>>> print(open('input-v5.pdb').read())   # PDB, N, CA and C atoms, pLDDT in the B column
MODEL        1
ATOM      1  N   MET I  29      -6.066   0.649  22.296  1.00 49.00           N
ATOM      2  CA  MET I  29      -4.871   1.329  21.798  1.00 49.00           C
ATOM      3  C   MET I  29      -4.176   2.007  22.983  1.00 49.00           C
ATOM      4  N   SER I  30      -3.450   1.220  23.763  1.00 62.00           N
ATOM      5  CA  SER I  30      -2.815   1.791  24.946  1.00 62.00           C
ATOM      6  C   SER I  30      -1.335   2.067  24.745  1.00 62.00           C
ATOM      7  N   GLU I  31      -0.672   1.285  23.870  1.00 74.00           N
ATOM      8  CA  GLU I  31       0.731   1.540  23.574  1.00 74.00           C
ATOM      9  C   GLU I  31       0.933   1.511  22.070  1.00 74.00           C
ATOM     10  N   PHE I  32       1.865   2.297  21.622  1.00 79.00           N
ATOM     11  CA  PHE I  32       2.155   2.406  20.199  1.00 79.00           C
ATOM     12  C   PHE I  32       3.649   2.654  20.068  1.00 79.00           C
ATOM     13  N   VAL I  33       4.262   2.167  18.995  1.00 85.00           N
ATOM     14  CA  VAL I  33       5.699   2.328  18.805  1.00 85.00           C
ATOM     15  C   VAL I  33       5.951   3.290  17.646  1.00 85.00           C
ATOM     16  N   ILE I  34       6.722   4.344  17.932  1.00 86.00           N
ATOM     17  CA  ILE I  34       7.136   5.312  16.918  1.00 86.00           C
ATOM     18  C   ILE I  34       8.643   5.441  17.003  1.00 86.00           C
ATOM     19  N   ASP I  35       9.310   5.215  15.882  1.00 90.00           N
ATOM     20  CA  ASP I  35      10.776   5.283  15.830  1.00 90.00           C
ATOM     21  C   ASP I  35      11.421   4.404  16.899  1.00 90.00           C
ATOM     22  N   GLY I  36      10.848   3.225  17.116  1.00 90.00           N
ATOM     23  CA  GLY I  36      11.404   2.292  18.080  1.00 90.00           C
ATOM     24  C   GLY I  36      11.110   2.610  19.531  1.00 90.00           C
ATOM     25  N   GLN I  37      10.363   3.650  19.769  1.00 91.00           N
ATOM     26  CA  GLN I  37      10.058   4.064  21.142  1.00 91.00           C
ATOM     27  C   GLN I  37       8.575   3.840  21.423  1.00 91.00           C
ATOM     28  N   GLU I  38       8.294   3.156  22.548  1.00 90.00           N
ATOM     29  CA  GLU I  38       6.905   2.940  22.934  1.00 90.00           C
ATOM     30  C   GLU I  38       6.289   4.239  23.425  1.00 90.00           C
ATOM     31  N   VAL I  39       5.107   4.501  22.941  1.00 88.00           N
ATOM     32  CA  VAL I  39       4.384   5.709  23.339  1.00 88.00           C
ATOM     33  C   VAL I  39       3.151   5.279  24.125  1.00 88.00           C
ATOM     34  N   ASP I  40       2.984   5.808  25.307  1.00 89.00           N
ATOM     35  CA  ASP I  40       1.789   5.546  26.104  1.00 89.00           C
ATOM     36  C   ASP I  40       0.685   6.452  25.585  1.00 89.00           C
ATOM     37  N   VAL I  41      -0.229   5.855  24.845  1.00 90.00           N
ATOM     38  CA  VAL I  41      -1.299   6.628  24.206  1.00 90.00           C
ATOM     39  C   VAL I  41      -2.142   7.358  25.235  1.00 90.00           C
ATOM     40  N   GLU I  42      -2.348   6.733  26.379  1.00 90.00           N
ATOM     41  CA  GLU I  42      -3.176   7.349  27.424  1.00 90.00           C
ATOM     42  C   GLU I  42      -2.542   8.629  27.952  1.00 90.00           C
ATOM     43  N   ALA I  43      -1.230   8.761  27.808  1.00 92.00           N
ATOM     44  CA  ALA I  43      -0.543   9.956  28.304  1.00 92.00           C
ATOM     45  C   ALA I  43      -0.612  11.109  27.307  1.00 92.00           C
ATOM     46  N   LEU I  44      -1.066  10.830  26.091  1.00 93.00           N
ATOM     47  CA  LEU I  44      -1.154  11.882  25.070  1.00 93.00           C
ATOM     48  C   LEU I  44      -2.350  12.783  25.325  1.00 93.00           C
ATOM     49  N   SER I  45      -2.229  14.005  24.885  1.00 96.00           N
ATOM     50  CA  SER I  45      -3.362  14.931  24.947  1.00 96.00           C
ATOM     51  C   SER I  45      -4.401  14.482  23.921  1.00 96.00           C
ATOM     52  N   ASP I  46      -5.567  15.106  23.965  1.00 97.00           N
ATOM     53  CA  ASP I  46      -6.596  14.792  22.969  1.00 97.00           C
ATOM     54  C   ASP I  46      -6.077  15.058  21.561  1.00 97.00           C
ATOM     55  N   ASN I  47      -5.301  16.125  21.411  1.00 97.00           N
ATOM     56  CA  ASN I  47      -4.725  16.454  20.108  1.00 97.00           C
ATOM     57  C   ASN I  47      -3.743  15.365  19.667  1.00 97.00           C
ATOM     58  N   GLY I  48      -2.918  14.893  20.594  1.00 94.00           N
ATOM     59  CA  GLY I  48      -1.969  13.824  20.294  1.00 94.00           C
ATOM     60  C   GLY I  48      -2.667  12.526  19.925  1.00 94.00           C
ATOM     61  N   LYS I  49      -3.737  12.204  20.663  1.00 94.00           N
ATOM     62  CA  LYS I  49      -4.510  10.997  20.359  1.00 94.00           C
ATOM     63  C   LYS I  49      -5.161  11.097  18.985  1.00 94.00           C
ATOM     64  N   ALA I  50      -5.683  12.272  18.654  1.00 96.00           N
ATOM     65  CA  ALA I  50      -6.308  12.467  17.344  1.00 96.00           C
ATOM     66  C   ALA I  50      -5.267  12.344  16.234  1.00 96.00           C
ATOM     67  N   ALA I  51      -4.081  12.897  16.468  1.00 95.00           N
ATOM     68  CA  ALA I  51      -3.016  12.809  15.462  1.00 95.00           C
ATOM     69  C   ALA I  51      -2.568  11.365  15.283  1.00 95.00           C
ATOM     70  N   LEU I  52      -2.469  10.636  16.375  1.00 92.00           N
ATOM     71  CA  LEU I  52      -2.090   9.232  16.292  1.00 92.00           C
ATOM     72  C   LEU I  52      -3.136   8.427  15.529  1.00 92.00           C
ATOM     73  N   GLN I  53      -4.395   8.667  15.831  1.00 93.00           N
ATOM     74  CA  GLN I  53      -5.480   7.973  15.140  1.00 93.00           C
ATOM     75  C   GLN I  53      -5.430   8.273  13.647  1.00 93.00           C
ATOM     76  N   LYS I  54      -5.177   9.513  13.293  1.00 95.00           N
ATOM     77  CA  LYS I  54      -5.092   9.898  11.881  1.00 95.00           C
ATOM     78  C   LYS I  54      -3.888   9.222  11.216  1.00 95.00           C
ATOM     79  N   ALA I  55      -2.747   9.179  11.918  1.00 90.00           N
ATOM     80  CA  ALA I  55      -1.544   8.546  11.370  1.00 90.00           C
ATOM     81  C   ALA I  55      -1.781   7.052  11.135  1.00 90.00           C
ATOM     82  N   VAL I  56      -2.440   6.399  12.085  1.00 90.00           N
ATOM     83  CA  VAL I  56      -2.742   4.971  11.937  1.00 90.00           C
ATOM     84  C   VAL I  56      -3.666   4.754  10.742  1.00 90.00           C
ATOM     85  N   HIS I  57      -4.683   5.588  10.622  1.00 94.00           N
ATOM     86  CA  HIS I  57      -5.615   5.481   9.500  1.00 94.00           C
ATOM     87  C   HIS I  57      -4.897   5.689   8.167  1.00 94.00           C
ATOM     88  N   LEU I  58      -4.048   6.697   8.093  1.00 93.00           N
ATOM     89  CA  LEU I  58      -3.301   6.962   6.866  1.00 93.00           C
ATOM     90  C   LEU I  58      -2.360   5.810   6.528  1.00 93.00           C
ATOM     91  N   ASN I  59      -1.751   5.213   7.551  1.00 91.00           N
ATOM     92  CA  ASN I  59      -0.880   4.068   7.313  1.00 91.00           C
ATOM     93  C   ASN I  59      -1.660   2.894   6.737  1.00 91.00           C
ATOM     94  N   HIS I  60      -2.865   2.662   7.242  1.00 94.00           N
ATOM     95  CA  HIS I  60      -3.712   1.602   6.696  1.00 94.00           C
ATOM     96  C   HIS I  60      -4.060   1.891   5.239  1.00 94.00           C
ATOM     97  N   GLN I  61      -4.343   3.144   4.920  1.00 97.00           N
ATOM     98  CA  GLN I  61      -4.641   3.516   3.543  1.00 97.00           C
ATOM     99  C   GLN I  61      -3.434   3.260   2.642  1.00 97.00           C
ATOM    100  N   LEU I  62      -2.236   3.609   3.117  1.00 96.00           N
ATOM    101  CA  LEU I  62      -1.021   3.368   2.338  1.00 96.00           C
ATOM    102  C   LEU I  62      -0.820   1.877   2.083  1.00 96.00           C
ATOM    103  N   LEU I  63      -1.029   1.062   3.099  1.00 96.00           N
ATOM    104  CA  LEU I  63      -0.891  -0.380   2.925  1.00 96.00           C
ATOM    105  C   LEU I  63      -1.887  -0.902   1.901  1.00 96.00           C
ATOM    106  N   SER I  64      -3.088  -0.389   1.946  1.00 98.00           N
ATOM    107  CA  SER I  64      -4.116  -0.788   0.982  1.00 98.00           C
ATOM    108  C   SER I  64      -3.727  -0.366  -0.431  1.00 98.00           C
ATOM    109  N   LEU I  65      -3.221   0.853  -0.572  1.00 98.00           N
ATOM    110  CA  LEU I  65      -2.793   1.328  -1.891  1.00 98.00           C
ATOM    111  C   LEU I  65      -1.624   0.520  -2.433  1.00 98.00           C
ATOM    112  N   GLU I  66      -0.704   0.145  -1.558  1.00 98.00           N
ATOM    113  CA  GLU I  66       0.427  -0.673  -1.996  1.00 98.00           C
ATOM    114  C   GLU I  66      -0.046  -2.033  -2.491  1.00 98.00           C
ATOM    115  N   ALA I  67      -1.022  -2.619  -1.805  1.00 98.00           N
ATOM    116  CA  ALA I  67      -1.584  -3.901  -2.236  1.00 98.00           C
ATOM    117  C   ALA I  67      -2.296  -3.749  -3.572  1.00 98.00           C
ATOM    118  N   GLN I  68      -3.037  -2.658  -3.730  1.00 98.00           N
ATOM    119  CA  GLN I  68      -3.722  -2.401  -4.996  1.00 98.00           C
ATOM    120  C   GLN I  68      -2.717  -2.214  -6.122  1.00 98.00           C
ATOM    121  N   ARG I  69      -1.619  -1.531  -5.837  1.00 98.00           N
ATOM    122  CA  ARG I  69      -0.582  -1.308  -6.844  1.00 98.00           C
ATOM    123  C   ARG I  69       0.012  -2.635  -7.297  1.00 98.00           C
ATOM    124  N   GLN I  70       0.266  -3.516  -6.349  1.00 98.00           N
ATOM    125  CA  GLN I  70       0.805  -4.837  -6.701  1.00 98.00           C
ATOM    126  C   GLN I  70      -0.179  -5.605  -7.571  1.00 98.00           C
ATOM    127  N   ASP I  71      -1.457  -5.579  -7.210  1.00 98.00           N
ATOM    128  CA  ASP I  71      -2.479  -6.264  -8.004  1.00 98.00           C
ATOM    129  C   ASP I  71      -2.555  -5.679  -9.408  1.00 98.00           C
ATOM    130  N   LEU I  72      -2.539  -4.355  -9.508  1.00 98.00           N
ATOM    131  CA  LEU I  72      -2.624  -3.710 -10.814  1.00 98.00           C
ATOM    132  C   LEU I  72      -1.397  -3.997 -11.670  1.00 98.00           C
ATOM    133  N   THR I  73      -0.236  -4.050 -11.050  1.00 98.00           N
ATOM    134  CA  THR I  73       0.985  -4.372 -11.784  1.00 98.00           C
ATOM    135  C   THR I  73       0.907  -5.785 -12.353  1.00 98.00           C
ATOM    136  N   LEU I  74       0.409  -6.718 -11.557  1.00 98.00           N
ATOM    137  CA  LEU I  74       0.231  -8.082 -12.052  1.00 98.00           C
ATOM    138  C   LEU I  74      -0.719  -8.128 -13.236  1.00 98.00           C
ATOM    139  N   LEU I  75      -1.811  -7.383 -13.141  1.00 98.00           N
ATOM    140  CA  LEU I  75      -2.782  -7.365 -14.232  1.00 98.00           C
ATOM    141  C   LEU I  75      -2.213  -6.717 -15.490  1.00 98.00           C
ATOM    142  N   VAL I  76      -1.480  -5.630 -15.326  1.00 98.00           N
ATOM    143  CA  VAL I  76      -0.859  -4.978 -16.484  1.00 98.00           C
ATOM    144  C   VAL I  76       0.090  -5.951 -17.172  1.00 98.00           C
ATOM    145  N   ASN I  77       0.909  -6.635 -16.392  1.00 98.00           N
ATOM    146  CA  ASN I  77       1.846  -7.599 -16.967  1.00 98.00           C
ATOM    147  C   ASN I  77       1.118  -8.745 -17.656  1.00 98.00           C
ATOM    148  N   HIS I  78       0.031  -9.199 -17.068  1.00 98.00           N
ATOM    149  CA  HIS I  78      -0.767 -10.271 -17.660  1.00 98.00           C
ATOM    150  C   HIS I  78      -1.320  -9.846 -19.020  1.00 98.00           C
ATOM    151  N   TYR I  79      -1.944  -8.676 -19.065  1.00 98.00           N
ATOM    152  CA  TYR I  79      -2.529  -8.220 -20.322  1.00 98.00           C
ATOM    153  C   TYR I  79      -1.458  -7.859 -21.346  1.00 98.00           C
ATOM    154  N   ALA I  80      -0.327  -7.356 -20.906  1.00 98.00           N
ATOM    155  CA  ALA I  80       0.777  -7.065 -21.822  1.00 98.00           C
ATOM    156  C   ALA I  80       1.288  -8.356 -22.459  1.00 98.00           C
ATOM    157  N   ALA I  81       1.332  -9.441 -21.687  1.00 97.00           N
ATOM    158  CA  ALA I  81       1.764 -10.729 -22.232  1.00 97.00           C
ATOM    159  C   ALA I  81       0.782 -11.230 -23.286  1.00 97.00           C
ATOM    160  N   ILE I  82      -0.502 -11.015 -23.044  1.00 97.00           N
ATOM    161  CA  ILE I  82      -1.506 -11.410 -24.035  1.00 97.00           C
ATOM    162  C   ILE I  82      -1.302 -10.626 -25.325  1.00 97.00           C
ATOM    163  N   VAL I  83      -1.106  -9.332 -25.212  1.00 96.00           N
ATOM    164  CA  VAL I  83      -0.885  -8.489 -26.395  1.00 96.00           C
ATOM    165  C   VAL I  83       0.389  -8.927 -27.108  1.00 96.00           C
ATOM    166  N   LYS I  84       1.437  -9.192 -26.357  1.00 95.00           N
ATOM    167  CA  LYS I  84       2.707  -9.611 -26.947  1.00 95.00           C
ATOM    168  C   LYS I  84       2.528 -10.899 -27.756  1.00 95.00           C
ATOM    169  N   ASP I  85       1.729 -11.829 -27.228  1.00 95.00           N
ATOM    170  CA  ASP I  85       1.464 -13.081 -27.943  1.00 95.00           C
ATOM    171  C   ASP I  85       0.684 -12.849 -29.236  1.00 95.00           C
ATOM    172  N   GLU I  86      -0.049 -11.751 -29.312  1.00 93.00           N
ATOM    173  CA  GLU I  86      -0.852 -11.445 -30.495  1.00 93.00           C
ATOM    174  C   GLU I  86      -0.057 -10.743 -31.592  1.00 93.00           C
ATOM    175  N   ILE I  87       1.097 -10.249 -31.268  1.00 93.00           N
ATOM    176  CA  ILE I  87       1.909  -9.528 -32.265  1.00 93.00           C
ATOM    177  C   ILE I  87       2.545 -10.554 -33.198  1.00 93.00           C
ATOM    178  N   PRO I  88       2.292 -10.410 -34.504  1.00 90.00           N
ATOM    179  CA  PRO I  88       2.870 -11.374 -35.448  1.00 90.00           C
ATOM    180  C   PRO I  88       4.406 -11.232 -35.478  1.00 90.00           C
ATOM    181  N   GLU I  89       5.070 -12.383 -35.582  1.00 87.00           N
ATOM    182  CA  GLU I  89       6.520 -12.352 -35.680  1.00 87.00           C
ATOM    183  C   GLU I  89       6.899 -11.940 -37.091  1.00 87.00           C
ATOM    184  N   GLU I  90       7.974 -11.156 -37.160  1.00 81.00           N
ATOM    185  CA  GLU I  90       8.432 -10.699 -38.468  1.00 81.00           C
ATOM    186  C   GLU I  90       9.166 -11.827 -39.179  1.00 81.00           C
ATOM    187  N   GLU I  91       8.872 -11.950 -40.459  1.00 66.00           N
ATOM    188  CA  GLU I  91       9.572 -12.951 -41.244  1.00 66.00           C
ATOM    189  C   GLU I  91      10.810 -12.329 -41.836  1.00 66.00           C
ATOM    190  N   GLU I  92      11.910 -13.091 -41.878  1.00 61.00           N
ATOM    191  CA  GLU I  92      13.151 -12.567 -42.418  1.00 61.00           C
ATOM    192  C   GLU I  92      13.412 -13.114 -43.789  1.00 61.00           C
TER     193      GLU I  92
ENDMDL
END
>>> encode(input="input-v5.pdb", output="structure tokens")
Amino acid sequence: MSEFVIDGQEVDVEALSDNGKAALQKAVHLNHQLLSLEAQRQDLTLLVNHYAAIVKDEIPEEEE
């Protein structure tokens, strides 16, 4: 992890203080968690829609 881009600007990680490096590591970790949560949300949305379609198919149509 020698270079990193923030707001379009390359950051030399080696030039950061220990505090800066720790903050960067935490930000990267949090970003990975967000990406994982977004993927989980997409999967869950697909499943909700799938099961909702099954339920919808089970609802009897009203006779007129």
>>> atom_distance(input="input-v5.pdb", atom1="CA of Phe32 in chain I", atom2="atom C of Leu58 in chain I")
14.8 Å
>>> resolve_selection(input="input-v5.pdb", expression="the PyMOL selection byres (((chain I and resi 41 and name CA) around 8) and name CA)", output="ChimeraX atom specification")
/I:29-32,39-40,42-44,49
>>> select_by_dssp(input="input-v5.pdb", residues="chain I", states="strand (DSSP E or B)", output="mmCIF file with N, CA and C atoms, in the coordinates of the input")
data_model
loop_
_atom_site.group_PDB
_atom_site.id
_atom_site.type_symbol
_atom_site.label_atom_id
_atom_site.label_comp_id
_atom_site.auth_asym_id
_atom_site.auth_seq_id
_atom_site.Cartn_x
_atom_site.Cartn_y
_atom_site.Cartn_z
ATOM 1 N N GLU I 31 -0.672 1.285 23.870
ATOM 2 C CA GLU I 31 0.731 1.540 23.574
ATOM 3 C C GLU I 31 0.933 1.511 22.070
ATOM 4 N N PHE I 32 1.865 2.297 21.622
ATOM 5 C CA PHE I 32 2.155 2.406 20.199
ATOM 6 C C PHE I 32 3.649 2.654 20.068
ATOM 7 N N VAL I 33 4.262 2.167 18.995
ATOM 8 C CA VAL I 33 5.699 2.328 18.805
ATOM 9 C C VAL I 33 5.951 3.290 17.646
ATOM 10 N N ILE I 34 6.722 4.344 17.932
ATOM 11 C CA ILE I 34 7.136 5.312 16.918
ATOM 12 C C ILE I 34 8.643 5.441 17.003
ATOM 13 N N GLN I 37 10.363 3.650 19.769
ATOM 14 C CA GLN I 37 10.058 4.064 21.142
ATOM 15 C C GLN I 37 8.575 3.840 21.423
ATOM 16 N N GLU I 38 8.294 3.156 22.548
ATOM 17 C CA GLU I 38 6.905 2.940 22.934
ATOM 18 C C GLU I 38 6.289 4.239 23.425
ATOM 19 N N VAL I 39 5.107 4.501 22.941
ATOM 20 C CA VAL I 39 4.384 5.709 23.339
ATOM 21 C C VAL I 39 3.151 5.279 24.125
ATOM 22 N N ASP I 40 2.984 5.808 25.307
ATOM 23 C CA ASP I 40 1.789 5.546 26.104
ATOM 24 C C ASP I 40 0.685 6.452 25.585
#
>>> atom_distance(input="input-v5.pdb", atom1="CA of Leu63 in chain I", atom2="CA of Ala80 in chain I")
25.7 Å
>>> select_by_dssp(input="input-v5.pdb", residues="chain I", states="helix (DSSP H, G or I)", output="NGL selection string")
:I and (41-43 or 46-86)
>>> atom_distance(input="input-v5.pdb", atom1="atom N of Leu75 in chain I", atom2="atom C of Val56 in chain I")
26.9 Å
>>> decode(input="input-v5.pdb", residues="range 30-42 of chain I", atoms="N, CA, C and O atoms", output="PDB file, in the first residue's frame")
ATOM      1  N   SER I  30       1.429   1.578  -1.165  1.00  0.00           N
ATOM      2  CA  SER I  30       2.346   2.712  -1.220  1.00  0.00           C
ATOM      3  C   SER I  30       1.691   3.974  -1.756  1.00  0.00           C
ATOM      4  O   SER I  30       2.115   5.070  -1.426  1.00  0.00           O
ATOM      5  N   GLU I  31       0.668   3.822  -2.622  1.00  0.00           N
ATOM      6  CA  GLU I  31      -0.053   4.985  -3.118  1.00  0.00           C
ATOM      7  C   GLU I  31      -1.544   4.725  -3.012  1.00  0.00           C
ATOM      8  O   GLU I  31      -2.008   3.600  -3.148  1.00  0.00           O
ATOM      9  N   PHE I  32      -2.275   5.777  -2.791  1.00  0.00           N
ATOM     10  CA  PHE I  32      -3.720   5.684  -2.632  1.00  0.00           C
ATOM     11  C   PHE I  32      -4.313   6.960  -3.209  1.00  0.00           C
ATOM     12  O   PHE I  32      -3.684   8.016  -3.161  1.00  0.00           O
ATOM     13  N   VAL I  33      -5.512   6.881  -3.772  1.00  0.00           N
ATOM     14  CA  VAL I  33      -6.142   8.047  -4.380  1.00  0.00           C
ATOM     15  C   VAL I  33      -7.341   8.474  -3.535  1.00  0.00           C
ATOM     16  O   VAL I  33      -8.226   7.669  -3.251  1.00  0.00           O
ATOM     17  N   ILE I  34      -7.329   9.745  -3.123  1.00  0.00           N
ATOM     18  CA  ILE I  34      -8.440  10.340  -2.383  1.00  0.00           C
ATOM     19  C   ILE I  34      -8.829  11.618  -3.100  1.00  0.00           C
ATOM     20  O   ILE I  34      -7.977  12.485  -3.329  1.00  0.00           O
ATOM     21  N   ASP I  35     -10.097  11.713  -3.468  1.00  0.00           N
ATOM     22  CA  ASP I  35     -10.603  12.888  -4.191  1.00  0.00           C
ATOM     23  C   ASP I  35      -9.769  13.187  -5.435  1.00  0.00           C
ATOM     24  O   ASP I  35      -9.463  14.333  -5.742  1.00  0.00           O
ATOM     25  N   GLY I  36      -9.362  12.135  -6.139  1.00  0.00           N
ATOM     26  CA  GLY I  36      -8.600  12.307  -7.362  1.00  0.00           C
ATOM     27  C   GLY I  36      -7.136  12.642  -7.171  1.00  0.00           C
ATOM     28  O   GLY I  36      -6.414  12.849  -8.137  1.00  0.00           O
ATOM     29  N   GLN I  37      -6.699  12.703  -5.945  1.00  0.00           N
ATOM     30  CA  GLN I  37      -5.307  13.062  -5.656  1.00  0.00           C
ATOM     31  C   GLN I  37      -4.575  11.849  -5.089  1.00  0.00           C
ATOM     32  O   GLN I  37      -5.044  11.212  -4.148  1.00  0.00           O
ATOM     33  N   GLU I  38      -3.406  11.546  -5.682  1.00  0.00           N
ATOM     34  CA  GLU I  38      -2.604  10.439  -5.175  1.00  0.00           C
ATOM     35  C   GLU I  38      -1.972  10.815  -3.847  1.00  0.00           C
ATOM     36  O   GLU I  38      -1.442  11.911  -3.690  1.00  0.00           O
ATOM     37  N   VAL I  39      -2.070   9.906  -2.917  1.00  0.00           N
ATOM     38  CA  VAL I  39      -1.491  10.122  -1.591  1.00  0.00           C
ATOM     39  C   VAL I  39      -0.353   9.124  -1.409  1.00  0.00           C
ATOM     40  O   VAL I  39      -0.541   7.918  -1.596  1.00  0.00           O
ATOM     41  N   ASP I  40       0.811   9.606  -1.068  1.00  0.00           N
ATOM     42  CA  ASP I  40       1.945   8.736  -0.769  1.00  0.00           C
ATOM     43  C   ASP I  40       1.776   8.238   0.657  1.00  0.00           C
ATOM     44  O   ASP I  40       1.978   8.979   1.623  1.00  0.00           O
ATOM     45  N   VAL I  41       1.368   6.990   0.771  1.00  0.00           N
ATOM     46  CA  VAL I  41       1.077   6.412   2.087  1.00  0.00           C
ATOM     47  C   VAL I  41       2.303   6.435   2.982  1.00  0.00           C
ATOM     48  O   VAL I  41       2.205   6.678   4.185  1.00  0.00           O
ATOM     49  N   GLU I  42       3.466   6.229   2.395  1.00  0.00           N
ATOM     50  CA  GLU I  42       4.704   6.205   3.184  1.00  0.00           C
ATOM     51  C   GLU I  42       4.985   7.560   3.820  1.00  0.00           C
ATOM     52  O   GLU I  42       5.673   7.637   4.835  1.00  0.00           O
TER      53      GLU I  42
END
